[in-house]
file upload28.cif (mmCIF, C-alpha atoms)
data_final
loop_
_atom_site.label_atom_id
_atom_site.label_comp_id
_atom_site.auth_asym_id
_atom_site.auth_seq_id
_atom_site.Cartn_x
_atom_site.Cartn_y
_atom_site.Cartn_z
CA MET A 10 7.82 43.04 12.78
CA HIS A 11 7.63 40.29 15.47
CA ASP A 12 3.86 40.65 15.86
CA LEU A 13 3.45 40.69 12.11
CA TYR A 14 5.58 37.56 11.73
CA ALA A 15 3.65 35.80 14.51
CA PHE A 16 0.38 36.77 12.85
CA VAL A 17 1.20 35.73 9.28
CA SER A 18 2.92 32.51 10.37
CA GLY A 19 0.22 31.62 12.90
CA PRO A 20 -3.49 32.51 12.65
CA LEU A 21 -3.28 33.60 9.02
CA VAL A 22 -2.02 30.18 7.94
CA TRP A 23 -5.18 28.64 9.39
CA VAL A 24 -7.37 31.28 7.76
CA ALA A 25 -5.73 30.63 4.37
CA PHE A 26 -6.12 26.85 4.60
CA ILE A 27 -9.71 27.09 5.85
CA ILE A 28 -10.63 29.40 2.95
CA PHE A 29 -8.80 27.11 0.52
CA PHE A 30 -10.43 23.85 1.66
CA GLY A 31 -13.80 25.37 2.61
CA GLY A 32 -13.94 27.39 -0.60
CA SER A 33 -12.97 24.35 -2.67
CA ILE A 34 -15.73 22.24 -1.16
CA TYR A 35 -18.21 25.09 -1.61
CA ARG A 36 -17.27 25.58 -5.28
CA LEU A 37 -17.44 21.86 -6.07
CA VAL A 38 -20.77 21.35 -4.30
CA SER A 39 -22.40 24.50 -5.70
CA MET A 40 -21.19 23.61 -9.19
CA ALA A 41 -22.64 20.11 -8.83
CA ILE A 42 -25.99 21.56 -7.70
CA LEU A 43 -26.00 24.02 -10.60
CA ALA A 44 -25.18 21.28 -13.09
CA LYS A 45 -27.95 19.09 -11.70
CA LYS A 46 -30.44 21.93 -12.12
CA LYS A 47 -29.37 23.24 -15.52
CA ASP A 48 -27.35 20.54 -17.24
CA GLY A 49 -28.50 17.14 -16.06
CA VAL A 50 -26.90 15.30 -18.97
CA VAL A 51 -23.52 15.83 -17.35
CA PHE A 52 -24.48 13.29 -14.70
CA GLU A 53 -26.24 11.03 -17.21
CA TYR A 54 -23.28 10.68 -19.51
CA PHE A 55 -20.36 10.85 -17.10
CA ASN A 56 -18.31 7.71 -17.58
CA PHE A 57 -15.24 6.96 -15.49
CA LYS A 58 -13.49 4.89 -18.11
CA TYR A 59 -13.75 7.55 -20.82
CA ALA A 60 -13.05 10.30 -18.27
CA LEU A 61 -9.82 8.71 -17.05
CA ARG A 62 -8.77 7.90 -20.62
CA SER A 63 -9.06 11.57 -21.55
CA ILE A 64 -7.40 12.86 -18.39
CA PHE A 65 -4.56 10.39 -18.90
CA HIS A 66 -3.85 11.72 -22.40
CA TRP A 67 -3.95 15.34 -21.29
CA ILE A 68 -1.69 15.07 -18.24
CA ILE A 69 1.17 13.61 -20.27
CA PRO A 70 3.25 16.04 -22.36
CA PHE A 71 2.65 15.66 -26.11
CA ALA A 72 0.10 12.87 -25.62
CA SER A 73 -2.70 14.99 -27.13
CA THR A 74 -2.86 16.57 -30.58
CA ASN A 75 -3.21 20.00 -29.04
CA TRP A 76 -0.03 19.55 -26.98
CA ARG A 77 1.82 18.57 -30.15
CA LEU A 78 0.48 21.61 -32.01
CA HIS A 79 1.91 23.96 -29.36
CA PRO A 80 5.23 22.42 -28.30
CA TRP A 81 6.59 25.50 -26.49
CA MET A 82 3.41 26.02 -24.51
CA THR A 83 3.42 22.30 -23.67
CA ILE A 84 6.99 22.29 -22.37
CA VAL A 85 6.55 25.50 -20.38
CA THR A 86 3.18 24.63 -18.88
CA PHE A 87 4.29 21.18 -17.71
CA ALA A 88 7.55 22.52 -16.26
CA PHE A 89 5.60 25.31 -14.61
CA HIS A 90 3.00 23.06 -12.98
CA ILE A 91 5.62 20.59 -11.77
CA GLY A 92 7.60 23.43 -10.15
CA LEU A 93 4.47 25.08 -8.80
CA ILE A 94 3.32 21.99 -6.92
CA PHE A 95 6.52 20.12 -6.08
CA THR A 96 8.67 23.03 -4.88
CA PRO A 97 6.54 24.22 -1.94
CA VAL A 98 5.56 20.68 -0.90
CA PHE A 99 9.07 19.21 -0.91
CA LEU A 100 11.04 22.27 0.22
CA PHE A 101 13.35 21.55 3.17
CA ALA A 102 12.60 24.89 4.88
CA HIS A 103 8.84 24.23 4.69
CA ILE A 104 9.16 20.66 5.91
CA ILE A 105 11.14 21.66 8.99
CA LEU A 106 8.41 24.16 9.95
CA ILE A 107 5.69 21.54 9.44
CA LYS A 108 7.71 18.98 11.38
CA GLU A 109 8.11 21.32 14.31
CA SER A 110 4.41 22.22 14.28
CA TRP A 111 2.75 18.85 13.71
CA ASP A 112 5.44 16.23 14.09
CA ILE A 113 5.09 14.97 10.51
CA SER A 114 7.70 15.11 7.81
CA TRP A 115 8.56 13.66 4.42
CA TRP A 116 11.28 13.63 1.77
CA ALA A 117 12.84 17.01 1.01
CA MET A 118 14.36 17.93 -2.34
CA PRO A 119 17.92 19.33 -2.46
CA ASP A 120 17.99 23.15 -2.18
CA GLY A 121 19.72 23.41 -5.56
CA LEU A 122 16.82 21.65 -7.28
CA ALA A 123 14.34 23.89 -5.46
CA ASP A 124 16.27 26.89 -6.76
CA ILE A 125 16.08 25.65 -10.34
CA LEU A 126 12.36 24.81 -10.13
CA THR A 127 11.65 28.22 -8.58
CA LEU A 128 13.39 29.98 -11.46
CA VAL A 129 11.45 27.79 -13.90
CA VAL A 130 8.16 28.87 -12.28
CA ILE A 131 9.09 32.57 -12.39
CA ALA A 132 10.30 32.36 -15.99
CA SER A 133 7.12 30.50 -16.95
CA CYS A 134 5.01 33.28 -15.47
CA VAL A 135 6.89 35.75 -17.66
CA PHE A 136 6.27 33.45 -20.64
CA PHE A 137 2.52 33.30 -19.90
CA PHE A 138 2.46 37.07 -19.43
CA VAL A 139 4.08 37.71 -22.82
CA ARG A 140 1.94 35.02 -24.47
CA ARG A 141 -1.23 36.77 -23.31
CA GLN A 142 -0.03 39.98 -24.92
CA VAL A 143 1.45 38.58 -28.12
CA LEU A 144 -0.95 35.89 -29.37
CA PRO A 145 -4.14 37.57 -30.69
CA GLU A 146 -6.37 34.56 -29.93
CA VAL A 147 -5.15 34.54 -26.31
CA LYS A 148 -5.19 38.31 -25.96
CA TYR A 149 -8.83 38.33 -27.00
CA LEU A 150 -9.70 36.09 -24.07
CA THR A 151 -7.52 37.91 -21.53
CA SER A 152 -8.82 40.20 -18.81
CA THR A 153 -6.99 42.15 -16.12
CA SER A 154 -7.64 39.41 -13.57
CA ASP A 155 -5.52 37.02 -15.65
CA TYR A 156 -2.49 39.25 -15.17
CA VAL A 157 -3.26 39.69 -11.48
CA ILE A 158 -3.40 35.90 -11.08
CA LEU A 159 -0.01 35.55 -12.77
CA VAL A 160 1.49 38.06 -10.35
CA LEU A 161 -0.13 36.31 -7.37
CA VAL A 162 1.36 32.99 -8.48
CA ALA A 163 4.81 34.41 -9.17
CA LEU A 164 5.06 36.42 -5.94
CA PRO A 165 5.56 33.56 -3.43
CA PHE A 166 8.32 32.20 -5.66
CA ILE A 167 10.06 35.54 -6.19
CA THR A 168 9.94 36.43 -2.49
CA GLY A 169 10.92 32.88 -1.45
CA PHE A 170 13.94 32.95 -3.75
CA TRP A 171 14.78 36.42 -2.47
CA THR A 172 14.69 35.54 1.22
CA TYR A 173 16.46 32.18 0.74
CA HIS A 174 19.36 33.95 -0.97
CA GLN A 175 19.28 36.63 1.70
CA TRP A 176 19.19 39.56 -0.64
CA PRO A 177 18.58 43.01 0.95
CA GLU A 178 15.45 43.37 3.10
CA SER A 179 15.09 39.61 3.30
CA THR A 180 13.21 39.85 6.61
CA PHE A 181 10.51 41.93 4.98
CA MET A 182 10.58 39.64 1.94
CA GLY A 183 10.14 36.65 4.25
CA ILE A 184 6.93 38.10 5.63
CA LEU A 185 5.78 39.01 2.11
CA HIS A 186 6.61 35.43 1.10
CA ILE A 187 4.34 33.91 3.74
CA LEU A 188 1.61 36.46 3.06
CA SER A 189 1.67 36.03 -0.72
CA GLY A 190 1.57 32.24 -0.36
CA GLU A 191 -1.50 32.55 1.83
CA VAL A 192 -3.20 34.92 -0.61
CA MET A 193 -2.50 32.56 -3.50
CA LEU A 194 -3.91 29.60 -1.59
CA ALA A 195 -7.02 31.53 -0.55
CA VAL A 196 -7.87 32.77 -4.05
CA ILE A 197 -7.57 29.35 -5.72
CA PRO A 198 -11.26 28.39 -5.31
CA PHE A 199 -12.59 31.77 -6.44
CA THR A 200 -10.49 32.57 -9.52
CA LYS A 201 -9.38 30.84 -12.72
CA LEU A 202 -6.89 29.03 -10.49
CA SER A 203 -9.90 26.85 -9.63
CA HIS A 204 -8.99 24.79 -12.71
CA MET A 205 -6.97 22.94 -10.10
CA LEU A 206 -10.32 21.63 -8.77
CA PHE A 207 -12.35 21.55 -11.97
CA PHE A 208 -9.79 20.17 -14.40
CA PRO A 209 -10.60 16.50 -13.69
CA ILE A 210 -14.32 17.20 -13.98
CA THR A 211 -14.35 19.30 -17.17
CA ARG A 212 -11.77 17.12 -18.86
CA GLY A 213 -13.53 14.03 -17.55
CA TYR A 214 -16.87 15.14 -18.94
CA MET A 215 -15.39 15.99 -22.34
CA GLY A 216 -13.85 12.54 -22.37
CA SER A 217 -17.17 10.99 -21.43
CA GLU A 218 -19.08 12.79 -24.14
CA PHE A 219 -16.51 12.15 -26.83
CA GLY A 220 -16.08 8.53 -25.79
CA GLY A 221 -19.68 7.59 -25.07
CA VAL A 222 -21.71 9.80 -27.41
CA ARG A 223 -19.56 10.83 -30.35
CA GLN A 224 -17.34 7.75 -30.04
CA ALA A 225 -14.26 9.81 -30.86
CA LYS A 226 -11.01 10.77 -29.23
CA ASP A 227 -10.80 14.11 -27.45
CA TRP A 228 -7.04 14.32 -27.34
CA MET B 23 55.07 54.73 -13.62
CA ARG B 24 55.26 56.32 -10.20
CA LYS B 25 51.52 56.83 -10.30
CA THR B 26 50.91 53.18 -11.14
CA LEU B 27 53.26 52.06 -8.40
CA GLY B 28 51.51 54.35 -5.94
CA LEU B 29 48.12 52.95 -6.89
CA LEU B 30 49.47 49.42 -6.59
CA PHE B 31 50.70 50.17 -3.08
CA LEU B 32 47.38 51.70 -2.15
CA PHE B 33 45.50 48.68 -3.42
CA SER B 34 47.72 46.17 -1.66
CA PHE B 35 47.42 48.16 1.55
CA LEU B 36 43.61 48.15 1.25
CA ALA B 37 43.54 44.45 0.46
CA ALA B 38 45.85 43.63 3.37
CA SER B 39 43.85 45.71 5.80
CA LEU B 40 40.63 44.05 4.61
CA VAL B 41 42.07 40.61 5.22
CA GLY B 42 43.43 41.72 8.58
CA PHE B 43 40.13 43.30 9.55
CA SER B 44 38.02 40.27 8.66
CA ALA B 45 40.46 37.96 10.47
CA TYR B 46 40.05 40.11 13.55
CA CYS B 47 36.24 39.96 13.20
CA GLN B 48 36.27 36.20 12.79
CA GLU B 49 37.94 35.86 16.17
CA ASP B 50 35.20 37.85 17.76
CA ILE B 51 32.33 35.89 16.33
CA SER B 52 31.22 32.69 17.92
CA PHE B 53 28.59 30.30 16.70
CA VAL B 54 25.84 28.18 18.12
CA GLY B 55 27.22 24.68 17.91
CA ASP B 56 26.75 21.14 19.06
CA SER B 57 29.00 18.19 18.22
CA ALA B 58 25.88 16.19 17.29
CA PHE B 59 25.46 18.34 14.18
CA THR B 60 27.66 16.51 11.75
CA GLU B 61 25.94 17.20 8.43
CA ARG B 62 24.73 20.79 8.24
CA MET B 63 21.76 21.70 6.06
CA ARG B 64 22.09 25.42 6.84
CA PRO B 65 24.94 27.79 7.78
CA SER B 66 25.82 27.91 11.50
CA VAL B 67 24.16 30.60 13.58
CA PRO B 68 26.42 33.43 14.79
CA PHE B 69 25.88 33.94 18.50
CA LEU B 70 27.80 36.14 20.96
CA HIS B 71 26.92 34.57 24.28
CA ASP B 72 27.80 37.41 26.66
CA ASP B 73 26.61 40.21 24.40
CA HIS B 74 23.33 38.43 23.85
CA ASN B 75 22.68 37.95 27.54
CA GLU B 76 23.64 41.48 28.38
CA MET B 77 21.32 42.85 25.74
CA ALA B 78 18.52 40.48 26.70
CA ASN B 79 18.99 41.03 30.44
CA ILE B 80 19.44 37.33 31.09
CA GLU B 81 21.19 36.57 34.35
CA ASP B 82 20.15 33.02 35.17
CA CYS B 83 22.06 30.40 33.22
CA ASN B 84 19.07 28.07 33.29
CA GLU B 85 16.99 30.52 31.31
CA CYS B 86 18.48 28.57 28.41
CA HIS B 87 20.61 25.84 29.99
CA HIS B 88 17.62 24.24 31.67
CA VAL B 89 17.03 20.89 33.31
CA TRP B 90 13.62 19.26 33.11
CA GLU B 91 12.40 16.40 35.24
CA ASP B 92 8.97 14.75 35.10
CA GLY B 93 7.59 17.50 32.84
CA LYS B 94 8.78 20.30 35.08
CA LYS B 95 11.65 22.74 34.71
CA LEU B 96 13.86 22.56 37.79
CA GLU B 97 14.16 26.05 39.17
CA TRP B 98 17.55 25.64 40.82
CA ASP B 99 19.26 23.31 38.44
CA SER B 100 21.12 24.21 35.26
CA SER B 101 22.97 22.39 32.52
CA GLU B 102 25.68 24.66 31.15
CA ASP B 103 28.21 21.90 31.72
CA LYS B 104 26.47 19.73 29.12
CA GLU B 105 25.95 19.83 25.38
CA CYS B 106 22.30 20.25 24.40
CA SER B 107 22.45 16.99 22.46
CA GLU B 108 23.21 15.01 25.62
CA CYS B 109 19.51 15.27 26.46
CA HIS B 110 17.97 16.54 23.24
CA LEU B 111 18.06 13.61 20.90
CA SER B 112 14.59 12.50 19.97
CA GLN B 113 15.62 8.97 19.00
CA GLU B 114 16.13 8.16 22.67
CA SER B 115 12.98 9.63 24.16
CA GLY B 116 10.49 9.52 21.27
CA ASP B 117 9.32 12.97 22.37
CA SER B 118 9.54 15.43 19.47
CA ASP B 119 10.15 18.35 21.82
CA MET B 120 13.44 16.63 22.57
CA ASP B 121 14.49 16.84 18.92
CA LEU B 122 17.76 18.76 18.85
CA ILE B 123 16.97 21.06 15.92
CA LYS B 124 13.47 21.75 17.24
CA ALA B 125 14.90 22.48 20.69
CA TYR B 126 17.23 25.11 19.26
CA HIS B 127 14.54 26.62 17.03
CA ASN B 128 11.97 26.79 19.82
CA MET B 129 14.41 28.08 22.41
CA CYS B 130 15.39 31.02 20.20
CA LYS B 131 12.18 31.74 18.28
CA GLU B 132 9.65 31.44 21.08
CA CYS B 133 11.64 33.75 23.34
CA HIS B 134 12.27 36.26 20.54
CA ILE B 135 8.61 36.39 19.55
CA GLY B 136 7.57 36.71 23.19
CA GLN B 137 10.08 39.48 23.85
CA LYS B 138 9.46 41.09 20.45
CA ALA B 139 13.20 41.24 19.95
CA GLY B 140 15.79 39.23 18.08
CA PRO B 141 15.71 37.19 14.90
CA VAL B 142 12.84 34.79 14.09
CA GLN B 143 13.05 34.00 10.37
CA CYS B 144 15.31 31.39 8.75
CA SER B 145 17.45 33.98 6.98
CA GLU B 146 17.88 36.09 10.11
CA CYS B 147 19.85 33.42 12.00
CA HIS B 148 21.29 31.08 9.35
CA ILE B 149 23.29 33.83 7.69
CA LYS B 150 25.16 32.89 4.54
#
call {"tool": "encode", "arguments": {"input": "upload28.cif", "output": "structure tokens"}}
result
Amino acid sequence: MHDLYAFVSGPLVWVAFIIFFGGSIYRLVSMAILAKKKDGVVFEYFNFKYALRSIFHWIIPFASTNWRLHPWMTIVTFAFHIGLIFTPVFLFAHIILIKESWDISWWAMPDGLADILTLVVIASCVFFFVRRQVLPEVKYLTSTSDYVILVLVALPFITGFWTYHQWPESTFMGILHILSGEVMLAVIPFTKLSHMLFFPITRGYMGSEFGGVRQAKDW
Amino acid sequence: MRKTLGLLFLFSFLAASLVGFSAYCQEDISFVGDSAFTERMRPSVPFLHDDHNEMANIEDCNECHHVWEDGKKLEWDSSEDKECSECHLSQESGDSDMDLIKAYHNMCKECHIGQKAGPVQCSECHIK
């Protein structure tokens, strides 16, 4: 168990971050090259003003027509993404490890808040899971990998909650927590989770086309 | 009625012995502590000094209670008469290795990983 802990909390962290950053750069660059070759208008019509205007309306809850049409999805997805990003970054236990490794630290959220956000993330994953099975228009577009992704995203939060509350086998769960976090990070560039990278570009281009060409709102 | 009374006695006996037992255990347990820790973010770490050293085969006090001078650990000096915080407060030295929490974490974790024995994860030491 000691060797395993040393491995997942040492070299594997570097591997995960290198795959995440390297893979992200690779995906962005290769997508740009592909777009240049096959879809040159993307570069012609991209407009920062219209892009930012569209992104702005879509990153605020209920600021787009589509958000207002699906209020439950809107509430859950915003709560989910806030928990997904803020919890690991501002978690006291993570910050102390980073501080002791690299001598940098920042504000940590209270543990109680982290607990609530973690439960929100897990519950949201259940919501997305059920949604994919219940709504015909979503089910039609769902493949097995979508369920796998949901499990990959939920796992670090379930195991983190588990080991923080010191439920049985929390040492094993701690290792699974680190490992599942690394897997999630590493698969981001190569799965649908890559919307983290592509969202500003796809949304930005839609905004550009709607603003510059069709002269209409896209929110 | 007699049955109920008997059960009541049994329960109170069990409860009393539980309280007595845990009180006895509490006396036996000691914790890692330093007066510099005023506001605790995590539960204190249970630590039986003599049992630990017997199990870990540690005979020299300065294995843990070390004294460093000019970047070198002094082989024949030890610091068991001091609190860790007397030296380990980063505000004074600006050296992060002198940070009190980091000093405790490193002292325990690095040795445990090296020896492949003892707790290394948060939940293994800071037991709720």
call {"tool": "resolve_selection", "arguments": {"input": "upload28.cif", "expression": "the PyMOL selection byres ((chain A) within 8 of (chain B))", "output": "list in words"}}
result
His11, Asp12, Ala15, Glu109, Asp112, Thr172, Tyr173, Gln175, Ser179, Thr180 and Gly183 of chain A
call {"tool": "resolve_selection", "arguments": {"input": "upload28.cif", "expression": "the PyMOL selection byres ((chain B and resi 109) around 12)", "output": "PyMOL selection string"}}
result
chain B and resi 56+58+87-91+101+104-108+110-117+119-122+125
call {"tool": "resolve_selection", "arguments": {"input": "upload28.cif", "expression": "the PyMOL selection byres ((chain A and resi 98-102) around 8)", "output": "JSON list (two decimals) with C-alpha atoms, keeping the file's coordinate frame"}}
result
[["chain", "number", "residue", "atom", "x", "y", "z"],
["A", 94, "ILE", "CA", 3.32, 21.99, -6.92],
["A", 95, "PHE", "CA", 6.52, 20.12, -6.08],
["A", 96, "THR", "CA", 8.67, 23.03, -4.88],
["A", 97, "PRO", "CA", 6.54, 24.22, -1.94],
["A", 103, "HIS", "CA", 8.84, 24.23, 4.69],
["A", 104, "ILE", "CA", 9.16, 20.66, 5.91],
["A", 105, "ILE", "CA", 11.14, 21.66, 8.99],
["A", 106, "LEU", "CA", 8.41, 24.16, 9.95],
["A", 115, "TRP", "CA", 8.56, 13.66, 4.42],
["A", 116, "TRP", "CA", 11.28, 13.63, 1.77],
["A", 117, "ALA", "CA", 12.84, 17.01, 1.01],
["A", 118, "MET", "CA", 14.36, 17.93, -2.34],
["A", 119, "PRO", "CA", 17.92, 19.33, -2.46],
["A", 120, "ASP", "CA", 17.99, 23.15, -2.18],
["A", 123, "ALA", "CA", 14.34, 23.89, -5.46]]
call {"tool": "atom_distance", "arguments": {"input": "upload28.cif", "atom1": "atom CA of Arg77 of chain A", "atom2": "atom CA of Phe219 of chain A"}}
result
19.7 Å
call {"tool": "closest_residue", "arguments": {"input": "upload28.cif", "among": "A:Ile107, A:Val139, A:Val222, A:Val129", "to": "Leu93 of chain A", "atoms": "only C-alpha atoms"}}
result
A:Val129
call {"tool": "atom_distance", "arguments": {"input": "upload28.cif", "atom1": "atom CA of Ser154 of chain A", "atom2": "atom CA of Ser133 of chain A"}}
result
17.6 Å
call {"tool": "residues_around", "arguments": {"input": "upload28.cif", "residues": "Gly31 of chain A", "least_positions_apart": "5", "cutoff": "10 Å", "atoms": "all atoms listed in the file", "output": "PyMOL selection string"}}
result
chain A and resi 25-26+36+195+198
call {"tool": "write_last_selection", "arguments": {"input": "upload28.cif", "atoms": "C-alpha atoms", "output": "PDB file, in the frame of the given file"}}
result
ATOM      1  CA  ALA A  25      -5.730  30.630   4.370  1.00  0.00           C
ATOM      2  CA  PHE A  26      -6.120  26.850   4.600  1.00  0.00           C
ATOM      3  CA  ARG A  36     -17.270  25.580  -5.280  1.00  0.00           C
ATOM      4  CA  ALA A 195      -7.020  31.530  -0.550  1.00  0.00           C
ATOM      5  CA  PRO A 198     -11.260  28.390  -5.310  1.00  0.00           C
TER       6      PRO A 198
END
call {"tool": "atom_distance", "arguments": {"input": "upload28.cif", "atom1": "atom CA of Ile84 of chain A", "atom2": "atom CA of Thr127 of chain A"}}
result
15.7 Å
call {"tool": "residues_around", "arguments": {"input": "upload28.cif", "residues": "Ser203 of chain A", "least_positions_apart": "6", "cutoff": "12 Å", "atoms": "all atoms listed in the file", "output": "number ranges by chain"}}
result
A: 29-30, 32-37, 40, 158, 193-197, 209-211
call {"tool": "write_last_selection", "arguments": {"input": "upload28.cif", "atoms": "C-alpha atoms", "output": "compact mmCIF listing (two decimals), in the coordinates of the input"}}
result
# COMPACT_ATOMS: atom_id res chain seq x y z
CA PHE A 29 -8.80 27.11 0.52
CA PHE A 30 -10.43 23.85 1.66
CA GLY A 32 -13.94 27.39 -0.60
CA SER A 33 -12.97 24.35 -2.67
CA ILE A 34 -15.73 22.24 -1.16
CA TYR A 35 -18.21 25.09 -1.61
CA ARG A 36 -17.27 25.58 -5.28
CA LEU A 37 -17.44 21.86 -6.07
CA MET A 40 -21.19 23.61 -9.19
CA ILE A 158 -3.40 35.90 -11.08
CA MET A 193 -2.50 32.56 -3.50
CA LEU A 194 -3.91 29.60 -1.59
CA ALA A 195 -7.02 31.53 -0.55
CA VAL A 196 -7.87 32.77 -4.05
CA ILE A 197 -7.57 29.35 -5.72
CA PRO A 209 -10.60 16.50 -13.69
CA ILE A 210 -14.32 17.20 -13.98
CA THR A 211 -14.35 19.30 -17.17
